[in-house]
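Note sheet for the following structure.
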Amino acid sequence: MWPFKTEPKITLEEYAAQQPVPPCGDSLGHYEWILQIGMSCPKCAKKKRNEQKEIDENRMAEKITNAVNKASNNYYKEKIAVLETGLESIIDLSHDKSTGPAVPDTLWEIRNLAITLLNNSRSVVNER
Ligand SMILES: [Zn+2]
């Protein structure tokens with residue numbers, strides 16, 4: 001009887017079947033790269049690179065979206081400010097030239113309309 005017990009040999013296929021399924025899904029190829037070639041699995045490396053690329057692209061897309069939204073918000077804020085200033089001028093002018101409120105005239109109605117528009121604009125802006 002042989003005194004030395006040799007370690008049981010198993011095939012790559014048997015070894016791969018006992019291991020967790022790798023990210024690439026190719027158990028045999030994956031463990032062949034690691035055990036027999038001695039390098040990390042290129043399929044897994046590529047998968048990881050692609051996932052990182054997608055993360056980077058999403059991050060960049062988010063940055064661009066935020067920059068566009070910020071620029072857009074500033075643009076609309078400026079437009080709204082111009083329009084509200086115009087409404088204030090209409091309110092002031094029609095108030096000065098009107099015979100209202102003692103004797104309401106068309107200018108008084110224009111003044112009230114401009115006040116309503118200005119208040120609506122401000123309440124919409126404040127809701128945001
Ligand atoms: Zn792999």
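As shown in the structure tokens, the chain order sets the letters A, B, ...; within each chain, residues go from 1, and ligands are also counted from 1 in the order they appear.
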Quick one: residues within 12 Å of Leu12 (chain A), only C-alpha atoms, excluding same-chain residues fewer than 5 positions away - as a PyMOL selection string? chain A and resi 17-19+27-36
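Selecting all polymer residues at most 8 Å from ligand 1, using only C-alpha atoms and all ligand atoms, gives Pro22, Pro23, Cys24, Gly25, Asp26, Ser27, Gly29, His30, Tyr31, Ser40, Cys41, Pro42, Lys43, Cys44 and Ala45 of chain A.
Between CA of Gly86 (chain A) and CA of Asn73 (chain A) the separation is 19.9 Å.
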Counting only C-alpha atoms, the residue of A:Asn69, A:Asn126, A:Thr6, A:Ser98 that sits nearest Asn112 (chain A):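 Using only C-alpha atoms, the shortest distance to Asn112 (chain A) belongs to A:Ser98.
The two atoms in question, CA of Ala81 (chain A) and CA of Pro104 (chain A), are spaced 28.9 Å apart.
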Report, in Å to a single decimal, how far apart CA of Gly100 (chain A) and CA of Thr85 (chain A) are. 22.2 Å
Expected answer as a count of residues only: alpha helix (DSSP H) residues in region 11-125 of chain A: 89
